[in-house]
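S.K.: Below is coords.cif; it holds mmCIF, C-alpha atoms.
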```
data_protein
loop_
_atom_site.group_PDB
_atom_site.id
_atom_site.type_symbol
_atom_site.label_atom_id
_atom_site.label_comp_id
_atom_site.auth_asym_id
_atom_site.auth_seq_id
_atom_site.Cartn_x
_atom_site.Cartn_y
_atom_site.Cartn_z
ATOM 1 C CA MET E 1 307.990 69.926 188.270
ATOM 2 C CA ASN E 2 304.700 69.478 186.397
ATOM 3 C CA ARG E 3 305.484 65.786 185.867
ATOM 4 C CA LEU E 4 306.138 65.302 189.575
ATOM 5 C CA LEU E 5 302.897 67.069 190.491
ATOM 6 C CA CYS E 6 300.970 65.033 187.917
ATOM 7 C CA LEU E 7 302.511 61.790 189.211
ATOM 8 C CA LEU E 8 301.639 62.745 192.792
ATOM 9 C CA VAL E 9 298.012 63.432 191.828
ATOM 10 C CA ILE E 10 297.734 60.089 189.979
ATOM 11 C CA ILE E 11 299.245 58.147 192.907
ATOM 12 C CA THR E 12 296.904 59.879 195.362
ATOM 13 C CA PHE E 13 293.921 59.058 193.137
ATOM 14 C CA PHE E 14 294.846 55.353 192.940
ATOM 15 C CA ILE E 15 295.445 55.136 196.682
ATOM 16 C CA ARG E 16 291.977 56.608 197.340
ATOM 17 C CA VAL E 17 290.353 54.280 194.783
ATOM 18 C CA GLN E 18 292.067 51.232 196.277
ATOM 19 C CA ALA E 19 291.123 52.293 199.786
ATOM 20 C CA GLN E 20 287.431 52.154 198.854
ATOM 21 C CA VAL E 21 287.534 48.425 198.033
ATOM 22 C CA LYS E 22 289.244 46.746 200.968
ATOM 23 C CA PRO E 23 289.138 43.065 201.812
ATOM 24 C CA THR E 24 286.862 42.582 204.822
ATOM 25 C CA TYR E 25 286.468 39.828 207.408
ATOM 26 C CA ARG E 26 283.449 37.523 206.962
ATOM 27 C CA SER E 27 282.079 34.553 208.832
ATOM 28 C CA PHE E 28 279.594 32.063 207.376
ATOM 29 C CA ASN E 29 277.824 29.894 209.977
ATOM 30 C CA THR E 30 275.303 27.254 208.932
ATOM 31 C CA VAL E 31 273.191 24.475 210.391
ATOM 32 C CA GLY E 32 271.767 21.956 207.986
ATOM 33 C CA ILE E 33 270.222 18.603 207.357
ATOM 34 C CA THR E 34 271.795 16.011 205.056
ATOM 35 C CA ILE E 35 269.562 13.592 203.173
ATOM 36 C CA GLY E 36 270.776 10.567 201.236
ATOM 37 C CA ASN E 37 270.406 6.780 201.160
ATOM 38 C CA SER E 38 270.978 6.512 204.925
ATOM 39 C CA LYS E 39 268.825 8.211 207.533
ATOM 40 C CA SER E 40 268.938 12.008 207.632
ATOM 41 C CA ALA E 41 271.457 13.699 209.898
ATOM 42 C CA TYR E 42 272.630 17.150 210.952
ATOM 43 C CA GLN E 43 275.574 19.205 209.774
ATOM 44 C CA VAL E 44 277.068 22.316 211.402
ATOM 45 C CA LEU E 45 279.757 24.347 209.624
ATOM 46 C CA THR E 46 281.522 27.614 210.364
ATOM 47 C CA THR E 47 284.010 29.335 208.085
ATOM 48 C CA HIS E 48 285.996 32.496 208.650
ATOM 49 C CA GLY E 49 287.793 34.383 205.932
ATOM 50 C CA VAL E 50 288.075 37.410 203.715
ATOM 51 C CA SER E 51 285.538 38.936 201.345
ATOM 52 C CA TYR E 52 286.744 41.038 198.412
ATOM 53 C CA LYS E 53 284.303 42.507 195.905
ATOM 54 C CA SER E 54 282.043 39.565 194.971
ATOM 55 C CA TRP E 55 284.445 36.833 196.203
ATOM 56 C CA TYR E 56 284.851 35.145 199.563
ATOM 57 C CA ALA E 57 287.567 32.693 200.660
ATOM 58 C CA GLY E 58 287.931 31.223 204.112
ATOM 59 C CA VAL E 59 288.773 28.200 206.209
ATOM 60 C CA GLY E 60 286.521 26.427 208.619
ATOM 61 C CA THR E 61 285.402 23.332 210.409
ATOM 62 C CA GLY E 62 282.284 21.718 211.750
ATOM 63 C CA VAL E 63 280.515 18.480 212.579
ATOM 64 C CA ASP E 64 278.877 16.182 210.033
ATOM 65 C CA ASP E 65 276.762 13.423 211.589
ATOM 66 C CA TYR E 66 275.714 11.638 208.398
ATOM 67 C CA ARG E 67 276.235 7.869 208.901
ATOM 68 C CA ASN E 68 279.522 8.303 210.832
ATOM 69 C CA ARG E 69 280.157 11.447 212.863
ATOM 70 C CA SER E 70 283.084 13.340 211.383
ATOM 71 C CA VAL E 71 284.881 16.672 211.561
ATOM 72 C CA PRO E 72 285.600 18.250 208.169
ATOM 73 C CA VAL E 73 288.338 20.891 207.960
ATOM 74 C CA ILE E 74 287.533 22.899 204.849
ATOM 75 C CA LEU E 75 288.584 25.608 202.464
ATOM 76 C CA SER E 76 285.512 27.554 201.388
ATOM 77 C CA VAL E 77 285.199 29.685 198.245
ATOM 78 C CA SER E 78 282.064 31.659 197.351
ATOM 79 C CA ARG E 79 281.125 34.086 194.621
ATOM 80 C CA TYR E 80 278.102 36.358 194.529
ATOM 81 C CA LEU E 81 276.384 36.206 191.151
ATOM 82 C CA LEU E 82 274.284 39.378 191.310
ATOM 83 C CA PRO E 83 275.299 42.984 192.048
ATOM 84 C CA GLN E 84 273.029 42.995 195.120
ATOM 85 C CA ASN E 85 275.263 40.288 196.678
ATOM 86 C CA ASN E 86 272.348 38.011 197.506
ATOM 87 C CA LEU E 87 272.601 34.944 195.194
ATOM 88 C CA PHE E 88 275.880 33.023 195.504
ATOM 89 C CA ILE E 89 277.613 29.791 194.598
ATOM 90 C CA ASN E 90 279.741 28.063 197.204
ATOM 91 C CA VAL E 91 282.315 25.250 197.166
ATOM 92 C CA ASN E 92 283.697 23.642 200.347
ATOM 93 C CA ALA E 93 286.394 20.966 200.326
ATOM 94 C CA GLY E 94 288.993 19.466 202.644
ATOM 95 C CA PRO E 95 289.960 16.498 204.771
ATOM 96 C CA ASN E 96 287.329 14.667 206.791
ATOM 97 C CA PHE E 97 288.261 13.117 210.167
ATOM 98 C CA VAL E 98 286.065 10.433 211.758
ATOM 99 C CA TRP E 99 285.099 11.313 215.335
ATOM 100 C CA GLY E 100 284.470 8.571 217.897
ATOM 101 C CA GLU E 101 284.550 4.813 217.694
ATOM 102 C CA SER E 102 281.029 3.713 218.610
ATOM 103 C CA GLU E 103 279.910 3.749 214.970
ATOM 104 C CA ARG E 104 282.909 1.737 213.842
ATOM 105 C CA ASN E 105 282.120 -1.552 215.623
ATOM 106 C CA ARG E 106 280.838 -3.157 212.438
ATOM 107 C CA LEU E 107 282.515 -6.553 212.304
ATOM 108 C CA TRP E 108 281.316 -9.114 214.846
ATOM 109 C CA ASN E 109 284.787 -10.572 215.408
ATOM 110 C CA GLN E 110 286.912 -7.433 215.200
ATOM 111 C CA LEU E 111 289.742 -6.980 217.686
ATOM 112 C CA ASP E 112 290.586 -3.384 216.868
ATOM 113 C CA SER E 113 289.650 -0.690 214.371
ATOM 114 C CA LYS E 114 291.088 2.529 213.036
ATOM 115 C CA ALA E 115 289.554 5.153 210.750
ATOM 116 C CA PHE E 116 291.679 7.101 208.287
ATOM 117 C CA PRO E 117 290.840 10.646 207.105
ATOM 118 C CA GLY E 118 288.980 11.009 203.852
ATOM 119 C CA LEU E 119 287.558 13.779 201.678
ATOM 120 C CA PHE E 120 284.709 16.169 202.372
ATOM 121 C CA ALA E 121 283.389 18.196 199.432
ATOM 122 C CA GLU E 122 280.219 20.056 198.607
ATOM 123 C CA ALA E 123 279.010 22.581 196.067
ATOM 124 C CA GLY E 124 275.782 24.483 195.852
ATOM 125 C CA PHE E 125 273.760 27.649 195.585
ATOM 126 C CA GLY E 126 272.699 29.941 198.378
ATOM 127 C CA PHE E 127 270.705 33.089 198.956
ATOM 128 C CA ARG E 128 271.401 35.851 201.468
ATOM 129 C CA LEU E 129 268.668 38.019 202.964
ATOM 130 C CA GLU E 130 270.045 41.295 204.280
ATOM 131 C CA THR E 131 269.354 42.431 207.799
ATOM 132 C CA LYS E 132 269.399 46.050 208.976
ATOM 133 C CA ASN E 133 273.176 45.953 208.650
ATOM 134 C CA PRO E 134 273.987 45.327 204.944
ATOM 135 C CA GLU E 135 277.188 43.523 205.927
ATOM 136 C CA GLN E 136 275.174 40.839 207.726
ATOM 137 C CA GLY E 137 272.493 38.489 206.549
ATOM 138 C CA ILE E 138 270.519 35.308 206.912
ATOM 139 C CA ILE E 139 271.553 32.652 204.407
ATOM 140 C CA PHE E 140 269.992 29.460 203.137
ATOM 141 C CA GLY E 141 271.133 27.100 200.447
ATOM 142 C CA THR E 142 271.037 23.722 198.737
ATOM 143 C CA TYR E 143 274.202 21.690 198.223
ATOM 144 C CA TYR E 144 275.334 18.412 196.744
ATOM 145 C CA SER E 145 277.604 16.948 199.425
ATOM 146 C CA TYR E 146 280.092 14.073 199.462
ATOM 147 C CA LYS E 147 282.294 12.535 202.134
ATOM 148 C CA ASN E 148 284.431 9.433 202.345
ATOM 149 C CA PHE E 149 286.918 7.686 204.608
ATOM 150 C CA LYS E 150 288.603 4.312 205.007
ATOM 151 C CA GLU E 151 288.516 2.005 208.021
ATOM 152 C CA ARG E 152 290.894 -0.777 208.997
ATOM 153 C CA PHE E 153 289.601 -3.641 211.151
ATOM 154 C CA GLU E 154 291.888 -6.150 212.813
ATOM 155 C CA VAL E 155 290.283 -9.596 212.902
ATOM 156 C CA PRO E 156 291.522 -12.994 214.080
ATOM 157 C CA GLY E 157 293.404 -14.909 211.429
ATOM 158 C CA VAL E 158 292.370 -18.320 210.173
ATOM 159 C CA CYS E 159 294.995 -21.057 209.855
ATOM 160 C CA ASN E 160 295.519 -24.788 210.416
ATOM 161 C CA ASN E 161 298.130 -24.505 213.187
ATOM 162 C CA PRO E 162 297.270 -21.943 215.898
ATOM 163 C CA PRO E 163 298.343 -19.408 217.055
ATOM 164 C CA CYS E 164 297.382 -17.508 213.924
ATOM 165 C CA ASP E 165 298.398 -13.984 212.991
ATOM 166 C CA ASN E 166 295.643 -11.409 212.976
ATOM 167 C CA MET E 167 294.498 -10.066 209.605
ATOM 168 C CA ASN E 168 293.383 -6.612 208.473
ATOM 169 C CA GLU E 169 290.090 -5.997 206.695
ATOM 170 C CA TYR E 170 289.407 -2.625 205.023
ATOM 171 C CA ILE E 171 286.122 -0.881 204.342
ATOM 172 C CA LYS E 172 285.897 2.213 202.155
ATOM 173 C CA SER E 173 282.839 4.324 202.931
ATOM 174 C CA ARG E 174 281.486 6.852 200.399
ATOM 175 C CA PHE E 175 278.437 8.999 201.037
ATOM 176 C CA SER E 176 276.680 11.193 198.458
ATOM 177 C CA ARG E 177 273.797 13.246 199.741
ATOM 178 C CA TRP E 178 271.934 16.547 199.587
ATOM 179 C CA ALA E 179 272.432 19.207 202.237
ATOM 180 C CA PHE E 180 269.882 21.919 203.021
ATOM 181 C CA LYS E 181 271.313 24.720 205.160
ATOM 182 C CA LEU E 182 270.234 27.772 207.097
ATOM 183 C CA GLY E 183 272.573 30.201 208.805
ATOM 184 C CA PHE E 184 273.908 33.715 209.138
ATOM 185 C CA VAL E 185 276.825 35.700 207.775
ATOM 186 C CA PHE E 186 278.545 38.650 209.371
#
```
What does the file become when written as structure tokens?

M.R.:
Amino acid sequence: MNRLLCLLVIITFFIRVQAQVKPTYRSFNTVGITIGNSKSAYQVLTTHGVSYKSWYAGVGTGVDDYRNRSVPVILSVSRYLLPQNNLFINVNAGPNFVWGESERNRLWNQLDSKAFPGLFAEAGFGFRLETKNPEQGIIFGTYYSYKNFKERFEVPGVCNNPPCDNMNEYIKSRFSRWAFKLGFVF
């Protein structure tokens, strides 16, 4: 009987301790500017996920207008480095889909073009300023950001006896840049 009572007390204690540290919903929403070898452009990202202790993991999407407008679909992982949960590191990565065709008319004699998804990845540091509600905050950060994709262009073929078959030309685009972001978390 004493063993059963002792076991019941221990189980109740662990249930109460576990109940105090629950995973909670979080949303990180940022607007930023990307600066690299091409002209500066905007970036908007939103991620939604779960925060547990000093970790956050979520999925998200956004718009990245650097050089070619694209839509990254990302997995985001963050970790707060200080007990106050204000300084954090963040990594975002996932596929990158080119949006629109106006930017892809690069070859003067192209007949058709198609963009293939590439990679979007960034890593950086951020800082969160608390608002009145400690679960919310204003965030800003600096990131090293990378995106790539491949394009196929169909161009007229060259031969001695027309009609000639069309040929495919490929361009691989890679962009490394810095991203400076401002946003809010709730």

S.K.: Would you work out the distance separating CA of Thr131 in chain E from CA of Ala93 in chain E, expressed in Å to one decimal?

M.R.: 28.4 Å

S.K.: Point out the residue among E:Thr24, E:Asn148, E:Asn85, E:Thr34 with the least atom-to-atom distance to Ser70 in chain E, counting only C-alpha atoms.

M.R.: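 Closest to Ser70 in chain E, using only C-alpha atoms: E:Asn148.
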
S.K.: Could you state which residues are captured by the PyMOL selection byres ((chain E and resi 53-59) around 8) in this file, as number ranges by chain?

M.R.: E: 21, 23, 26, 47-52, 60-61, 73-81, 85

S.K.: How would the residues just chosen look if you wrote them out with C-alpha atoms as a compact mmCIF listing (two decimals), keeping the file's coordinate frame?

M.R.:
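The result, written out as out.txt:
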```txt
# COMPACT_ATOMS: atom_id res chain seq x y z
CA VAL E 21 287.53 48.42 198.03
CA PRO E 23 289.14 43.06 201.81
CA ARG E 26 283.45 37.52 206.96
CA THR E 47 284.01 29.34 208.08
CA HIS E 48 286.00 32.50 208.65
CA GLY E 49 287.79 34.38 205.93
CA VAL E 50 288.08 37.41 203.72
CA SER E 51 285.54 38.94 201.34
CA TYR E 52 286.74 41.04 198.41
CA GLY E 60 286.52 26.43 208.62
CA THR E 61 285.40 23.33 210.41
CA VAL E 73 288.34 20.89 207.96
CA ILE E 74 287.53 22.90 204.85
CA LEU E 75 288.58 25.61 202.46
CA SER E 76 285.51 27.55 201.39
CA VAL E 77 285.20 29.68 198.24
CA SER E 78 282.06 31.66 197.35
CA ARG E 79 281.12 34.09 194.62
CA TYR E 80 278.10 36.36 194.53
CA LEU E 81 276.38 36.21 191.15
CA ASN E 85 275.26 40.29 196.68
```

S.K.: What does the distance between CA of Leu129 in chain E and CA of Ser145 in chain E come to in Å, to one decimal place?

M.R.: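 Between CA of Leu129 in chain E and CA of Ser145 in chain E the gap works out to 23.2 Å.
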
S.K.: Determine, counting only C-alpha atoms, which protein, DNA and RNA residues have an atom within 9 Å of an atom of Phe149 in chain E; residues of the same chain fewer than 2 positions away are not included. Present the result as a ChimeraX atom specification.

M.R.: /E:96-98,115-119,147,151,171-174

S.K.: Once you have the residues from the selection above, write them out as a tab-separated table (two decimals), keeping the file's coordinate frame, restricted to C-alpha atoms.

M.R.:
```tsv
chain	number	residue	atom	x	y	z
E	96	ASN	CA	287.33	14.67	206.79
E	97	PHE	CA	288.26	13.12	210.17
E	98	VAL	CA	286.06	10.43	211.76
E	115	ALA	CA	289.55	5.15	210.75
E	116	PHE	CA	291.68	7.10	208.29
E	117	PRO	CA	290.84	10.65	207.10
E	118	GLY	CA	288.98	11.01	203.85
E	119	LEU	CA	287.56	13.78	201.68
E	147	LYS	CA	282.29	12.54	202.13
E	151	GLU	CA	288.52	2.00	208.02
E	171	ILE	CA	286.12	-0.88	204.34
E	172	LYS	CA	285.90	2.21	202.16
E	173	SER	CA	282.84	4.32	202.93
E	174	ARG	CA	281.49	6.85	200.40
```

S.K.: Restricting the calculation to only C-alpha atoms: of E:Val185, E:Val44, E:Cys159, E:Ile89, which residue gets closest to Glu135 in chain E?

M.R.: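 For Glu135 in chain E, the nearest of the candidates is E:Val185.
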
S.K.: Name the closest residue to Tyr25 in chain E among the candidates E:Arg152, E:Gln136, E:Trp99, E:Ala123; distances are taken between atoms, counting all atoms listed in the file.

M.R.: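 Nearest candidate to Tyr25 in chain E out of E:Arg152, E:Gln136, E:Trp99, E:Ala123: E:Gln136.
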
S.K.: Name the residues that the PyMOL selection byres ((chain E and resi 128) around 6) pulls out of this structure, and write them as an mmCIF file with C-alpha atoms, in the frame of the given file.

M.R.:
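Result file is expr37.cif:
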```cif
data_model
loop_
_atom_site.group_PDB
_atom_site.id
_atom_site.type_symbol
_atom_site.label_atom_id
_atom_site.label_comp_id
_atom_site.auth_asym_id
_atom_site.auth_seq_id
_atom_site.Cartn_x
_atom_site.Cartn_y
_atom_site.Cartn_z
ATOM 1 C CA ASN E 86 272.348 38.011 197.506
ATOM 2 C CA PHE E 127 270.705 33.089 198.956
ATOM 3 C CA LEU E 129 268.668 38.019 202.964
ATOM 4 C CA GLY E 137 272.493 38.489 206.549
ATOM 5 C CA ILE E 138 270.519 35.308 206.912
ATOM 6 C CA ILE E 139 271.553 32.652 204.407
#
```

S.K.: Pick out the residues sitting within 8 Å of range 65-68 of chain E, and hand them over as a list of chain:residue names; count all atoms listed in the file, and ignore anything fewer than 6 positions along from it in its own chain.

M.R.: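 In the requested form, the answer reads E:Thr34, E:Ser38, E:Lys39, E:Ser40, E:Ala41, E:Tyr42, E:Gln43, E:Val98, E:Trp99, E:Glu103, E:Arg104.
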
S.K.: Include C-alpha atoms and write out the residues we just selected as a short mmCIF file (atom, residue, chain, number, x, y, z; two decimals), in the coordinates of the input.

M.R.:
```cif
data_model
loop_
_atom_site.label_atom_id
_atom_site.label_comp_id
_atom_site.auth_asym_id
_atom_site.auth_seq_id
_atom_site.Cartn_x
_atom_site.Cartn_y
_atom_site.Cartn_z
CA THR E 34 271.80 16.01 205.06
CA SER E 38 270.98 6.51 204.92
CA LYS E 39 268.82 8.21 207.53
CA SER E 40 268.94 12.01 207.63
CA ALA E 41 271.46 13.70 209.90
CA TYR E 42 272.63 17.15 210.95
CA GLN E 43 275.57 19.20 209.77
CA VAL E 98 286.06 10.43 211.76
CA TRP E 99 285.10 11.31 215.34
CA GLU E 103 279.91 3.75 214.97
CA ARG E 104 282.91 1.74 213.84
#
```

S.K.: Choose the residue, out of E:Tyr170, E:Asp112, E:Phe186, E:Asn90, that has the smallest atom-to-atom separation from Lys132 in chain E; count all atoms listed in the file.

M.R.: E:Phe186

S.K.: Can you work out which one of E:Lys181, E:Ser113, E:Glu122, E:Ile33 has the shortest atom-to-atom distance to Phe140 in chain E, counting only C-alpha atoms?

M.R.: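 Nearest to Phe140 in chain E: E:Lys181.
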
S.K.: Using all atoms listed in the file, which of the listed residues (E:Gly141, E:Pro83, E:Gly36, E:Pro95) sits closest to Phe120 in chain E?

M.R.: E:Pro95

S.K.: So the first atom is CA of Arg177 in chain E and the second is CA of Leu45 in chain E; what is the distance between them in Å, to one decimal place?

M.R.: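 Between CA of Arg177 in chain E and CA of Leu45 in chain E the gap is 16.0 Å.
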
S.K.: Going by the chain IDs and residue numbers used in this file, which residues fall under the PyMOL selection byres ((chain E and resi 183) around 6)? Write them as JSON, numbers by chain.

M.R.: {"E": [29, 30, 31, 138, 139, 182, 184]}

S.K.: Reconstruct N, CA, C and O atoms of range 151-167 of chain E; output as a short mmCIF file (atom, residue, chain, number, x, y, z; two decimals), in the frame of the given file.

M.R.:
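Produced file selection_11.cif, reproduced below:
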```cif
data_model
loop_
_atom_site.label_atom_id
_atom_site.label_comp_id
_atom_site.auth_asym_id
_atom_site.auth_seq_id
_atom_site.Cartn_x
_atom_site.Cartn_y
_atom_site.Cartn_z
N GLU E 151 288.36 2.61 206.70
CA GLU E 151 288.52 2.00 208.02
C GLU E 151 289.30 0.70 207.92
O GLU E 151 289.13 -0.06 206.97
N ARG E 152 290.16 0.48 208.91
CA ARG E 152 290.89 -0.78 209.00
C ARG E 152 290.40 -1.51 210.23
O ARG E 152 290.32 -0.96 211.31
N PHE E 153 290.05 -2.79 210.05
CA PHE E 153 289.60 -3.64 211.15
C PHE E 153 290.58 -4.79 211.31
O PHE E 153 290.90 -5.47 210.34
N GLU E 154 291.02 -5.01 212.53
CA GLU E 154 291.89 -6.15 212.81
C GLU E 154 290.99 -7.29 213.27
O GLU E 154 290.20 -7.14 214.20
N VAL E 155 291.12 -8.44 212.59
CA VAL E 155 290.28 -9.60 212.90
C VAL E 155 291.19 -10.81 213.12
O VAL E 155 292.32 -10.84 212.64
N PRO E 156 290.71 -11.80 213.87
CA PRO E 156 291.52 -12.99 214.08
C PRO E 156 291.81 -13.71 212.76
O PRO E 156 290.95 -13.81 211.90
N GLY E 157 293.03 -14.18 212.63
CA GLY E 157 293.40 -14.91 211.43
C GLY E 157 292.88 -16.34 211.46
O GLY E 157 292.55 -16.89 212.51
N VAL E 158 292.81 -16.94 210.30
CA VAL E 158 292.37 -18.32 210.17
C VAL E 158 293.54 -19.13 209.61
O VAL E 158 294.11 -18.77 208.59
N CYS E 159 293.91 -20.21 210.33
CA CYS E 159 295.00 -21.06 209.86
C CYS E 159 294.83 -22.46 210.44
O CYS E 159 294.01 -22.68 211.33
N ASN E 160 295.62 -23.40 209.96
CA ASN E 160 295.52 -24.79 210.42
C ASN E 160 296.26 -25.03 211.73
O ASN E 160 295.89 -25.92 212.49
N ASN E 161 297.32 -24.30 211.98
CA ASN E 161 298.13 -24.50 213.19
C ASN E 161 298.15 -23.24 214.04
O ASN E 161 298.96 -22.35 213.81
N PRO E 162 297.26 -23.13 215.03
CA PRO E 162 297.27 -21.94 215.90
C PRO E 162 298.59 -21.86 216.66
O PRO E 162 299.24 -22.87 216.85
N PRO E 163 299.00 -20.72 217.12
CA PRO E 163 298.34 -19.41 217.06
C PRO E 163 298.47 -18.81 215.65
O PRO E 163 299.47 -18.96 214.99
N CYS E 164 297.43 -18.10 215.26
CA CYS E 164 297.38 -17.51 213.92
C CYS E 164 297.60 -16.00 214.03
O CYS E 164 297.18 -15.37 215.00
N ASP E 165 298.23 -15.43 213.04
CA ASP E 165 298.40 -13.98 212.99
C ASP E 165 297.06 -13.33 212.69
O ASP E 165 296.25 -13.87 211.92
N ASN E 166 296.85 -12.16 213.27
CA ASN E 166 295.64 -11.41 212.98
C ASN E 166 295.73 -10.84 211.56
O ASN E 166 296.82 -10.60 211.04
N MET E 167 294.57 -10.61 210.96
CA MET E 167 294.50 -10.07 209.60
C MET E 167 293.82 -8.70 209.66
O MET E 167 293.11 -8.39 210.61
#
```
